[in-house]
Every structure is written in structure tokens, then in C-alpha cells.
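Engineer: If it helps, the file is called work.txt and holds compact mmCIF, C-alpha atoms:
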# COMPACT_ATOMS: atom_id res chain seq x y z
CA MET A 14 81.34 -89.12 -38.82
CA VAL A 15 81.10 -88.70 -42.56
CA ASP A 16 78.78 -86.11 -44.07
CA VAL A 17 79.27 -86.41 -47.80
CA ARG A 18 77.11 -83.41 -48.57
CA GLU A 19 79.16 -81.16 -46.34
CA ASP A 20 82.39 -82.62 -47.71
CA ILE A 21 81.27 -81.86 -51.26
CA LEU A 22 80.32 -78.28 -50.44
CA ALA A 23 83.54 -77.68 -48.51
CA ARG A 24 85.61 -79.06 -51.38
CA LEU A 25 83.71 -76.93 -53.91
CA LEU A 26 84.59 -73.84 -51.89
CA GLU A 27 88.24 -74.87 -51.81
CA LEU A 28 88.22 -75.39 -55.57
CA VAL A 29 86.54 -72.13 -56.58
CA ALA A 30 88.98 -70.27 -54.32
CA THR A 31 91.76 -71.50 -56.61
CA ILE A 32 90.20 -70.12 -59.81
CA PRO A 33 92.85 -67.71 -61.12
CA ASN A 34 92.15 -64.06 -60.27
CA ILE A 35 89.29 -64.83 -57.88
CA LYS A 36 89.41 -62.27 -55.06
CA THR A 37 86.58 -63.57 -52.89
CA ALA A 38 85.37 -67.13 -52.43
CA VAL A 39 82.56 -67.62 -49.95
CA ARG A 40 79.76 -70.03 -49.21
CA GLY A 41 76.24 -68.79 -48.70
CA ASN A 42 77.03 -65.08 -48.48
CA ILE A 43 74.82 -63.18 -50.87
CA ASP A 44 75.81 -59.56 -50.13
CA LEU A 45 78.87 -58.34 -51.98
CA THR A 46 80.37 -54.99 -52.86
CA PRO A 47 82.51 -54.18 -55.92
CA GLU A 48 85.60 -54.52 -53.71
CA HIS A 49 84.86 -58.26 -53.42
CA LEU A 50 85.01 -58.87 -57.17
CA PRO A 51 85.84 -61.09 -59.00
CA ALA A 52 83.96 -63.42 -56.67
CA ALA A 53 82.83 -67.03 -56.52
CA ILE A 54 79.95 -67.99 -54.25
CA VAL A 55 78.99 -71.55 -53.41
CA LEU A 56 75.32 -72.04 -52.62
CA ASP A 57 74.27 -75.28 -50.97
CA GLY A 58 71.41 -75.94 -53.37
CA ASP A 59 68.81 -78.68 -53.16
CA GLU A 60 69.03 -82.40 -52.83
CA GLU A 61 66.57 -85.19 -53.34
CA THR A 62 66.25 -88.95 -53.21
CA ASN A 63 64.01 -91.42 -55.01
CA ASP A 64 62.65 -92.68 -51.72
CA VAL A 65 59.21 -91.17 -52.19
CA SER A 66 58.46 -94.19 -54.38
CA ASP A 67 60.17 -96.66 -52.04
CA LEU A 68 57.61 -97.78 -49.48
CA SER A 69 59.16 -101.19 -49.03
CA MET A 70 60.08 -102.89 -45.76
CA ARG A 71 63.56 -101.38 -45.97
CA PRO A 72 64.52 -99.92 -42.60
CA PRO A 73 64.69 -96.10 -42.72
CA HIS A 74 68.33 -95.95 -41.64
CA ARG A 75 69.64 -98.02 -44.54
CA PRO A 76 71.80 -96.25 -47.15
CA THR A 77 70.05 -94.47 -49.99
CA SER A 78 71.09 -92.63 -53.10
CA VAL A 79 71.00 -88.84 -53.02
CA GLN A 80 71.28 -86.33 -55.81
CA MET A 81 72.35 -82.88 -54.68
CA THR A 82 72.54 -79.84 -56.94
CA PRO A 83 74.75 -77.14 -55.44
CA GLU A 84 75.22 -73.92 -57.35
CA ILE A 85 78.21 -71.73 -57.99
CA ILE A 86 77.80 -68.06 -58.79
CA LEU A 87 80.62 -66.19 -60.47
CA VAL A 88 80.74 -62.40 -60.72
CA GLU A 89 83.40 -60.56 -62.66
CA SER A 90 84.72 -57.21 -61.50
CA GLU A 91 84.00 -55.35 -64.70
CA VAL A 92 83.46 -56.49 -68.25
CA GLY A 93 86.83 -56.62 -69.93
CA GLU A 94 88.79 -56.05 -66.72
CA ILE A 95 91.02 -58.47 -64.73
CA VAL A 96 89.31 -61.63 -65.97
CA ASP A 97 86.20 -62.26 -68.04
CA ILE A 98 83.28 -64.40 -67.01
CA GLY A 99 83.97 -66.95 -69.75
CA THR A 100 87.44 -67.63 -68.37
CA LEU A 101 86.05 -67.97 -64.84
CA ARG A 102 83.45 -70.46 -66.08
CA ARG A 103 86.01 -72.53 -67.97
CA GLU A 104 88.32 -72.75 -64.97
CA MET A 105 85.45 -73.60 -62.62
CA ILE A 106 84.23 -76.50 -64.78
CA ARG A 107 87.73 -77.86 -65.27
CA LEU A 108 88.54 -77.69 -61.56
CA VAL A 109 85.35 -79.42 -60.43
CA LEU A 110 85.15 -82.17 -63.03
CA TYR A 111 88.83 -83.13 -62.88
CA ASP A 112 89.32 -82.91 -59.13
CA THR A 113 90.66 -86.22 -57.88
CA GLU A 114 89.62 -85.66 -54.27
CA LEU A 115 86.05 -84.87 -55.26
CA ASN A 116 85.78 -87.75 -57.75
CA GLU A 117 87.59 -90.53 -55.98
CA GLN A 118 87.48 -89.79 -52.27
CA ILE A 119 84.28 -87.86 -51.59
CA VAL A 120 81.72 -88.74 -54.28
CA LYS A 121 83.41 -92.00 -55.34
CA THR A 122 82.65 -91.98 -59.04
CA GLY A 123 83.55 -94.63 -61.60
CA ARG A 124 85.34 -97.74 -60.38
CA ASN A 125 85.54 -96.20 -56.90
CA GLY A 126 81.80 -96.46 -56.35
CA ASN A 127 78.41 -95.59 -57.81
CA GLY A 128 78.58 -91.83 -57.40
CA ALA A 129 78.39 -89.35 -60.24
CA ILE A 130 79.34 -85.76 -60.97
CA ARG A 131 77.70 -83.78 -63.75
CA TYR A 132 77.87 -80.21 -64.94
CA LEU A 133 74.23 -79.29 -65.57
CA GLY A 134 74.62 -75.86 -67.15
CA CYS A 135 74.56 -72.20 -66.34
CA GLN A 136 72.60 -68.99 -66.75
CA THR A 137 74.19 -65.63 -67.34
CA ASP A 138 73.44 -62.15 -66.04
CA VAL A 139 74.75 -58.74 -66.94
CA GLY A 140 74.07 -55.35 -65.38
CA TRP A 141 75.27 -51.80 -64.99
CA MET A 142 76.42 -50.09 -61.86
CA ARG A 143 79.48 -47.83 -62.03
CA SER A 144 80.58 -50.22 -64.70
CA LEU A 145 79.22 -53.22 -66.55
CA HIS A 146 79.37 -56.49 -64.67
CA GLY A 147 78.82 -60.00 -65.91
CA ALA A 148 77.69 -62.85 -63.69
CA LEU A 149 76.96 -66.52 -64.08
CA ARG A 150 75.02 -69.13 -62.10
CA ALA A 151 76.11 -72.70 -62.66
CA GLN A 152 74.59 -75.95 -61.42
CA PHE A 153 76.37 -79.22 -60.73
CA LEU A 154 74.83 -82.55 -59.82
CA PHE A 155 76.47 -84.89 -57.34
CA LYS A 156 75.04 -88.35 -56.85
CA TYR A 157 76.29 -90.00 -53.68
CA THR A 158 75.28 -92.59 -51.14
CA LEU A 159 73.81 -91.24 -47.94
CA ASN A 160 74.51 -93.68 -45.15
CA PRO A 161 72.77 -92.53 -41.96
CA ALA A 162 75.11 -94.76 -39.93
CA ASP A 163 77.98 -92.46 -40.94
CA LEU A 164 76.33 -89.27 -39.74
CA MET B 6 47.23 -19.10 -64.74
CA ARG B 7 49.95 -19.89 -67.23
CA VAL B 8 52.73 -22.05 -65.79
CA ASP B 9 56.27 -21.37 -66.94
CA PHE B 10 57.79 -24.82 -66.70
CA GLY B 11 61.18 -23.57 -67.82
CA ALA B 12 61.27 -21.16 -64.88
CA MET B 13 60.24 -24.01 -62.57
CA PHE B 14 63.16 -26.09 -63.77
CA ASP B 15 65.48 -23.12 -63.30
CA ASP B 16 64.30 -22.63 -59.72
CA VAL B 17 64.88 -26.29 -58.89
CA TYR B 18 68.33 -26.33 -60.46
CA ALA B 19 69.22 -23.12 -58.60
CA GLU B 20 68.40 -24.87 -55.33
CA ILE B 21 69.77 -28.39 -55.72
CA GLY B 22 71.86 -28.27 -58.87
CA VAL B 23 75.63 -28.52 -58.83
CA PRO B 24 78.16 -27.13 -61.30
CA ALA B 25 79.32 -29.56 -63.96
CA VAL B 26 81.55 -29.61 -67.00
CA PHE B 27 80.16 -31.36 -70.08
CA THR B 28 82.81 -32.32 -72.64
CA VAL B 29 81.71 -33.65 -76.01
CA THR B 30 83.98 -36.45 -77.19
CA ASN B 31 82.27 -37.90 -80.24
CA GLY B 32 84.26 -35.92 -82.73
CA THR B 33 81.98 -33.00 -83.50
CA GLY B 34 84.25 -30.29 -82.26
CA GLY B 35 85.06 -30.98 -78.66
CA VAL B 36 82.59 -28.61 -77.03
CA VAL B 37 83.37 -28.00 -73.36
CA ALA B 38 80.52 -26.39 -71.48
CA ASP B 39 79.88 -25.33 -67.90
CA ILE B 40 76.37 -26.43 -67.02
CA THR B 41 74.31 -27.23 -63.94
CA VAL B 42 73.17 -30.78 -63.20
CA ILE B 43 71.24 -32.51 -60.47
CA ASP B 44 73.24 -35.41 -59.12
CA ASP B 45 71.02 -38.46 -59.48
CA THR B 46 73.50 -41.10 -58.38
CA ARG B 47 71.35 -43.73 -56.71
CA PRO B 48 71.93 -46.86 -54.69
CA LYS B 49 71.80 -49.83 -57.00
CA THR B 50 71.95 -53.57 -56.50
CA LEU B 51 73.07 -55.99 -59.15
CA PRO B 52 71.15 -59.27 -58.82
CA ALA B 53 74.00 -61.51 -59.88
CA GLY B 54 72.84 -65.00 -60.68
CA GLY B 55 69.46 -64.51 -59.07
CA SER B 56 70.27 -64.58 -55.38
CA VAL B 57 73.66 -62.91 -54.89
CA GLU B 58 73.50 -59.13 -54.66
CA VAL B 59 76.36 -56.79 -55.47
CA ILE B 60 75.64 -53.47 -53.80
CA ASP B 61 76.93 -50.23 -55.29
CA VAL B 62 75.52 -47.16 -57.01
CA GLY B 63 74.10 -46.39 -60.41
CA PRO B 64 75.53 -43.00 -61.36
CA GLY B 65 73.24 -40.54 -63.12
CA ALA B 66 72.56 -36.84 -63.54
CA TYR B 67 69.73 -34.63 -64.72
CA ALA B 68 70.39 -31.69 -67.03
CA ARG B 69 68.19 -29.13 -68.75
CA ILE B 70 68.01 -29.60 -72.50
CA PRO B 71 67.64 -25.83 -73.18
CA GLU B 72 70.87 -25.19 -71.26
CA LEU B 73 72.66 -27.89 -73.26
CA ALA B 74 71.31 -26.50 -76.52
CA ALA B 75 72.37 -22.98 -75.56
CA ASN B 76 75.91 -24.34 -75.28
CA GLY B 77 75.76 -25.90 -78.72
CA ILE B 78 75.26 -29.44 -77.40
CA THR B 79 72.79 -31.45 -79.45
CA ARG B 80 71.32 -34.88 -78.79
CA ALA B 81 73.93 -36.43 -81.07
CA ASP B 82 76.61 -35.17 -78.67
CA TYR B 83 75.27 -36.88 -75.56
CA LEU B 84 76.71 -40.37 -75.90
CA HIS B 85 80.33 -40.85 -74.80
CA ALA B 86 80.55 -37.29 -73.46
CA VAL B 87 82.51 -36.77 -70.25
CA LEU B 88 80.51 -35.24 -67.44
CA ALA B 89 82.37 -33.98 -64.39
CA PHE B 90 80.57 -32.95 -61.21
CA ASN B 91 80.90 -33.38 -57.47
CA SER B 92 84.61 -34.24 -57.86
CA ARG B 93 84.03 -37.23 -60.12
CA ASN B 94 84.38 -37.82 -63.84
CA TRP B 95 81.83 -39.93 -65.66
CA VAL B 96 81.09 -40.99 -69.21
CA VAL B 97 77.57 -40.82 -70.63
CA ARG B 98 76.68 -44.39 -71.59
CA SER B 99 73.01 -43.71 -72.31
CA TYR B 100 70.33 -41.14 -71.68
CA GLU B 101 66.63 -40.83 -71.03
CA LEU B 102 64.54 -37.91 -72.22
CA ARG B 103 62.22 -36.86 -69.43
CA GLY B 104 59.82 -34.76 -71.47
CA SER B 105 58.02 -31.58 -70.53
CA PRO B 106 54.52 -30.13 -70.97
CA ASN B 107 56.20 -27.66 -73.32
CA GLY B 108 57.78 -30.39 -75.43
CA GLU B 109 60.72 -32.69 -75.00
CA ASP B 110 63.19 -30.04 -76.15
CA GLN B 111 62.18 -27.87 -73.20
CA GLY B 112 62.51 -30.61 -70.64
CA GLU B 113 65.24 -32.53 -68.90
CA VAL B 114 67.52 -35.34 -69.92
CA ARG B 115 68.72 -37.94 -67.44
CA PHE B 116 72.21 -39.08 -68.25
CA LEU B 117 73.05 -42.67 -67.38
CA LEU B 118 76.72 -42.68 -66.49
CA LYS B 119 79.61 -45.07 -66.15
CA ALA B 120 83.02 -44.81 -64.61
CA ALA B 121 85.43 -42.81 -66.76
What does this structure look like when you write it as C-alpha cells?
Structural biologist:
Amino acid sequence: MVDVREDILARLLELVATIPNIKTAVRGNIDLTPEHLPAAIVLDGDEETNDVSDLSMRPPHRPTSVQMTPEIILVESEVGEIVDIGTLRREMIRLVLYDTELNEQIVKTGRNGNGAIRYLGCQTDVGWMRSLHGALRAQFLFKYTLNPADL
Amino acid sequence: MRVDFGAMFDDVYAEIGVPAVFTVTNGTGGVVADITVIDDTRPKTLPAGGSVEVIDVGPGAYARIPELAANGITRADYLHAVLAFNSRNWVVRSYELRGSPNGEDQGEVRFLLKAA
């Protein structure tokens, strides 16, 4: 069984856990306390195909191209303390875009296949509690081939 | 009937107020005053990135402006002052004037605090 989507999300979690100074790396958990910070959270995100316009005779179980857009949320512990949100962002992008396992084995980009990985951008947040915290929500796009026969 | 709002504030502070030490730090003479505040530290959630929530508190305290003025503390002294109460030390990062029917100078100020 091969579930590329799950493999991508699992690898993303492994990667963000290696961002220097990250204290908590979780997937899908949205309730944190200051003791968890700095934190990286992987959210599954959406995915879509172009099959809405494909009403051909192609059997439904044939492979199709999927674009999934998982999100990574980074929260720093306190502005100016431990590590800043800009450093977390830089490390996250570098880790994801340069990861050999993600590129060559899971998504199969470039000469390994017709997959693709793109950094789409991010939005920032800042807010006060006991101290000032910065946060960031980043989106990545992964294009991969969904083969129902592998599921 | 004439309402004495100052006396109303005093009654409330006598019931639920706690002793505090207000230390001016912005270079105007280092006033240290014993005052009474109402602890207004509230639960607060930081909506980080839209869907993740970091749960903590937003520290705050109410004080009476006439009491501050009586101790020589003016509005220019509020920011960056150290406020100690309920066994914690905070720094005033901002403030909100709460007003009063007798004028803002007779009302309360809500100090927005941060960790010292």
C-alpha cells in the first residue's frame, strides 16, 4: 500500500521537528500552551484534482494527478527570545524544498517523475499574552500521482 | 440624588482590590508608590496562523487615576512602569483610560501588562 498524501504529511512532520530550537512538532493539534513553544504544526490542508473537467471514458480507478496544499504553522516562544520567526521560516523552507526523500522518493519531482513541490507563501500573525508572540502560516503545494491501485 | 462616583470606586477597590507597588522607570525620578489595583488578568487565546490557538493569559490591572495622581504619578509615567501585585512583577506595555462621569481624570486606568 502506498498513500502518497500520508507519506508527504508524515515526512513534513519529520522535517519540521528538525528545525533548530523547535520544542514541539505536531500534526493537527491546534491547542497549545506557552510551554509548547517554539512550535511547528503540520495541518493536512486541502487537495484537488482536475477531474471535474474529465468526463471521458477513462475508468475511475486509473491514476490521476493531485495537487495537495498542506500548511505549516510556526509559533515562536516570545519575540526576540530563543529563536525568531524569520529564522524558523527560513529553516522550514530550506528543509522542505531540499529534502531528497520528499523530492525523489515520495513526490518524485524532476527526472524522477512528474511531481512538483512549490512554496506558495505565508501569512504572519503577532499577538500579546504575557509576552509578544509571532506566528506564521505557510502553504506548500505538492503535485503527485494518485494511483488508486496502490491504496 | 447626587452620586459620588469617586466614593463608589473606593468602595469597590476596598472590597476586591489588592495591594500593589507602582515603580516609575521612565526617568522622571523613580517614584515608588503603594497603591491598590484590581487584578484584571484574563484568559487569553492567541490565534496563531488562523487555526492554532495558544492558550495563556493577558495580564492587566485597574487602578484609580486620583490615587496615582496623589502619589505624583502622571500619565507620562505609566508606560514602562513596573507594577507588582499578587506575587508577580509586570511591566506596563500600554494602558486604556476608562473614563468617568466626573471626567477621565477621576476615573480608572486599565494597565495592559507584560512579563517583567
Engineer: Taking all atoms listed in the file into account, report as a list of chain:residue names which residues of chain B lie within 10 Å of chain A.
Structural biologist: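 Result, ordered by chain then number: B:Thr46, B:Arg47, B:Pro48, B:Lys49, B:Thr50, B:Leu51, B:Pro52, B:Ala53, B:Gly54, B:Gly55, B:Ser56, B:Val57, B:Glu58, B:Val59, B:Ile60, B:Asp61, B:Val62, B:Gly63, B:Pro64, B:Gly65, B:Trp95, B:Arg98, B:Leu117, B:Leu118, B:Lys119, B:Ala120, B:Ala121.
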Engineer: Tell me which protein, DNA and RNA residues are within 10 Å of Phe155 of chain A, counting only C-alpha atoms, leaving out same-chain ones fewer than 5 positions away, and put them as a list in words.
Structural biologist: Arg18, Ile21, Glu60, Val79, Gln80, Met81, Thr82, Pro83, Leu115, Asn116, Val120, Thr122, Gly128, Ala129, Ile130, Arg131 and Tyr132 of chain A
Engineer: Quote the spacing between atom CA of Pro71 of chain B and atom CA of Gln111 of chain B in Å to one decimal place.
Structural biologist: 5.8 Å
Engineer: Hey, can you check how far atom CA of Thr100 of chain A sits from atom CA of Leu22 of chain A?
Structural biologist: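 Separating atom CA of Thr100 of chain A from atom CA of Leu22 of chain A is a distance of 22.0 Å.
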Engineer: Identify which of the residues B:Val87, B:Asp110, B:Asp45, B:Val23 lies closest to Ala75 of chain B, counting all atoms listed in the file when measuring atom-to-atom distances.
Structural biologist: B:Asp110
Engineer: Could you check the closest approach to Val26 of chain B for each of B:Ala74, B:Leu88, B:Met13, B:Ala66 and tell me which residue wins, using only C-alpha atoms?
Structural biologist: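 The answer is B:Leu88, which sits nearest to Val26 of chain B.
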Engineer: Smallest atom-to-atom distance to Leu25 of chain A: which of A:Asp57, A:Asp97, A:Asp64, A:Glu117, using only C-alpha atoms?
Structural biologist: A:Asp57
Engineer: What residues have an atom no more than 12 Å from (87.0, -71.7, -52.4) in the file's own frame, counting only C-alpha atoms, and can you write them as a PyMOL selection string?
Structural biologist: chain A and resi 21-33+35-41+52-56+85-87+105+108-109
Engineer: Would you export the selected residues with C-alpha atoms as a PDB file, in the coordinates of the input, please?
Structural biologist:
ATOM      1  CA  ILE A  21      81.270 -81.860 -51.260  1.00  0.00           C
ATOM      2  CA  LEU A  22      80.320 -78.280 -50.440  1.00  0.00           C
ATOM      3  CA  ALA A  23      83.540 -77.680 -48.510  1.00  0.00           C
ATOM      4  CA  ARG A  24      85.610 -79.060 -51.380  1.00  0.00           C
ATOM      5  CA  LEU A  25      83.710 -76.930 -53.910  1.00  0.00           C
ATOM      6  CA  LEU A  26      84.590 -73.840 -51.890  1.00  0.00           C
ATOM      7  CA  GLU A  27      88.240 -74.870 -51.810  1.00  0.00           C
ATOM      8  CA  LEU A  28      88.220 -75.390 -55.570  1.00  0.00           C
ATOM      9  CA  VAL A  29      86.540 -72.130 -56.580  1.00  0.00           C
ATOM     10  CA  ALA A  30      88.980 -70.270 -54.320  1.00  0.00           C
ATOM     11  CA  THR A  31      91.760 -71.500 -56.610  1.00  0.00           C
ATOM     12  CA  ILE A  32      90.200 -70.120 -59.810  1.00  0.00           C
ATOM     13  CA  PRO A  33      92.850 -67.710 -61.120  1.00  0.00           C
ATOM     14  CA  ILE A  35      89.290 -64.830 -57.880  1.00  0.00           C
ATOM     15  CA  LYS A  36      89.410 -62.270 -55.060  1.00  0.00           C
ATOM     16  CA  THR A  37      86.580 -63.570 -52.890  1.00  0.00           C
ATOM     17  CA  ALA A  38      85.370 -67.130 -52.430  1.00  0.00           C
ATOM     18  CA  VAL A  39      82.560 -67.620 -49.950  1.00  0.00           C
ATOM     19  CA  ARG A  40      79.760 -70.030 -49.210  1.00  0.00           C
ATOM     20  CA  GLY A  41      76.240 -68.790 -48.700  1.00  0.00           C
ATOM     21  CA  ALA A  52      83.960 -63.420 -56.670  1.00  0.00           C
ATOM     22  CA  ALA A  53      82.830 -67.030 -56.520  1.00  0.00           C
ATOM     23  CA  ILE A  54      79.950 -67.990 -54.250  1.00  0.00           C
ATOM     24  CA  VAL A  55      78.990 -71.550 -53.410  1.00  0.00           C
ATOM     25  CA  LEU A  56      75.320 -72.040 -52.620  1.00  0.00           C
ATOM     26  CA  ILE A  85      78.210 -71.730 -57.990  1.00  0.00           C
ATOM     27  CA  ILE A  86      77.800 -68.060 -58.790  1.00  0.00           C
ATOM     28  CA  LEU A  87      80.620 -66.190 -60.470  1.00  0.00           C
ATOM     29  CA  MET A 105      85.450 -73.600 -62.620  1.00  0.00           C
ATOM     30  CA  LEU A 108      88.540 -77.690 -61.560  1.00  0.00           C
ATOM     31  CA  VAL A 109      85.350 -79.420 -60.430  1.00  0.00           C
TER      32      VAL A 109
END
Engineer: What separation in Å, quoted to one decimal, exists between atom CA of Glu113 of chain B and atom CA of Asn91 of chain B?
Structural biologist: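 Distance reported for this atom pair: 19.4 Å.
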Engineer: Around (72.0, -96.5, -48.7) in the file's frame, which residues reach within 10 Å when counting all atoms listed in the file? Return as number ranges by chain?
Structural biologist: A: 73-79, 157-162
Engineer: Out of B:Arg69, B:Ala86, B:Val97, B:Thr30, which residue has the shortest atom-to-atom distance to Ala12 of chain B when counting all atoms listed in the file?
Structural biologist: B:Arg69
Engineer: Output requested as a compact mmCIF listing (two decimals), in the coordinates of the input - segment 20-35 of chain A, filled out with N, CA and C atoms.
Structural biologist:
# COMPACT_ATOMS: atom_id res chain seq x y z
N ASP A 20 81.06 -82.45 -47.11
CA ASP A 20 82.39 -82.62 -47.71
C ASP A 20 82.42 -82.09 -49.15
N ILE A 21 81.35 -82.35 -49.88
CA ILE A 21 81.27 -81.86 -51.26
C ILE A 21 81.27 -80.33 -51.29
N LEU A 22 80.44 -79.74 -50.44
CA LEU A 22 80.32 -78.28 -50.44
C LEU A 22 81.63 -77.63 -49.99
N ALA A 23 82.26 -78.23 -48.99
CA ALA A 23 83.54 -77.68 -48.51
C ALA A 23 84.61 -77.77 -49.60
N ARG A 24 84.62 -78.91 -50.32
CA ARG A 24 85.61 -79.06 -51.38
C ARG A 24 85.33 -78.10 -52.54
N LEU A 25 84.05 -77.89 -52.86
CA LEU A 25 83.71 -76.93 -53.91
C LEU A 25 84.24 -75.54 -53.57
N LEU A 26 84.10 -75.16 -52.30
CA LEU A 26 84.59 -73.84 -51.89
C LEU A 26 86.11 -73.77 -52.04
N GLU A 27 86.79 -74.84 -51.65
CA GLU A 27 88.24 -74.87 -51.81
C GLU A 27 88.62 -74.73 -53.29
N LEU A 28 87.88 -75.41 -54.15
CA LEU A 28 88.22 -75.39 -55.57
C LEU A 28 87.98 -74.02 -56.20
N VAL A 29 86.81 -73.42 -55.93
CA VAL A 29 86.54 -72.13 -56.58
C VAL A 29 87.49 -71.05 -56.07
N ALA A 30 88.01 -71.24 -54.85
CA ALA A 30 88.98 -70.27 -54.32
C ALA A 30 90.28 -70.29 -55.11
N THR A 31 90.52 -71.40 -55.84
CA THR A 31 91.76 -71.50 -56.61
C THR A 31 91.58 -71.06 -58.06
N ILE A 32 90.38 -70.65 -58.45
CA ILE A 32 90.20 -70.12 -59.81
C ILE A 32 91.10 -68.90 -59.96
N PRO A 33 91.94 -68.86 -60.98
CA PRO A 33 92.85 -67.71 -61.12
C PRO A 33 92.11 -66.38 -61.12
N ASN A 34 92.65 -65.44 -60.37
CA ASN A 34 92.15 -64.06 -60.27
C ASN A 34 90.92 -63.89 -59.38
N ILE A 35 90.42 -64.98 -58.80
CA ILE A 35 89.29 -64.83 -57.88
C ILE A 35 89.77 -64.10 -56.61
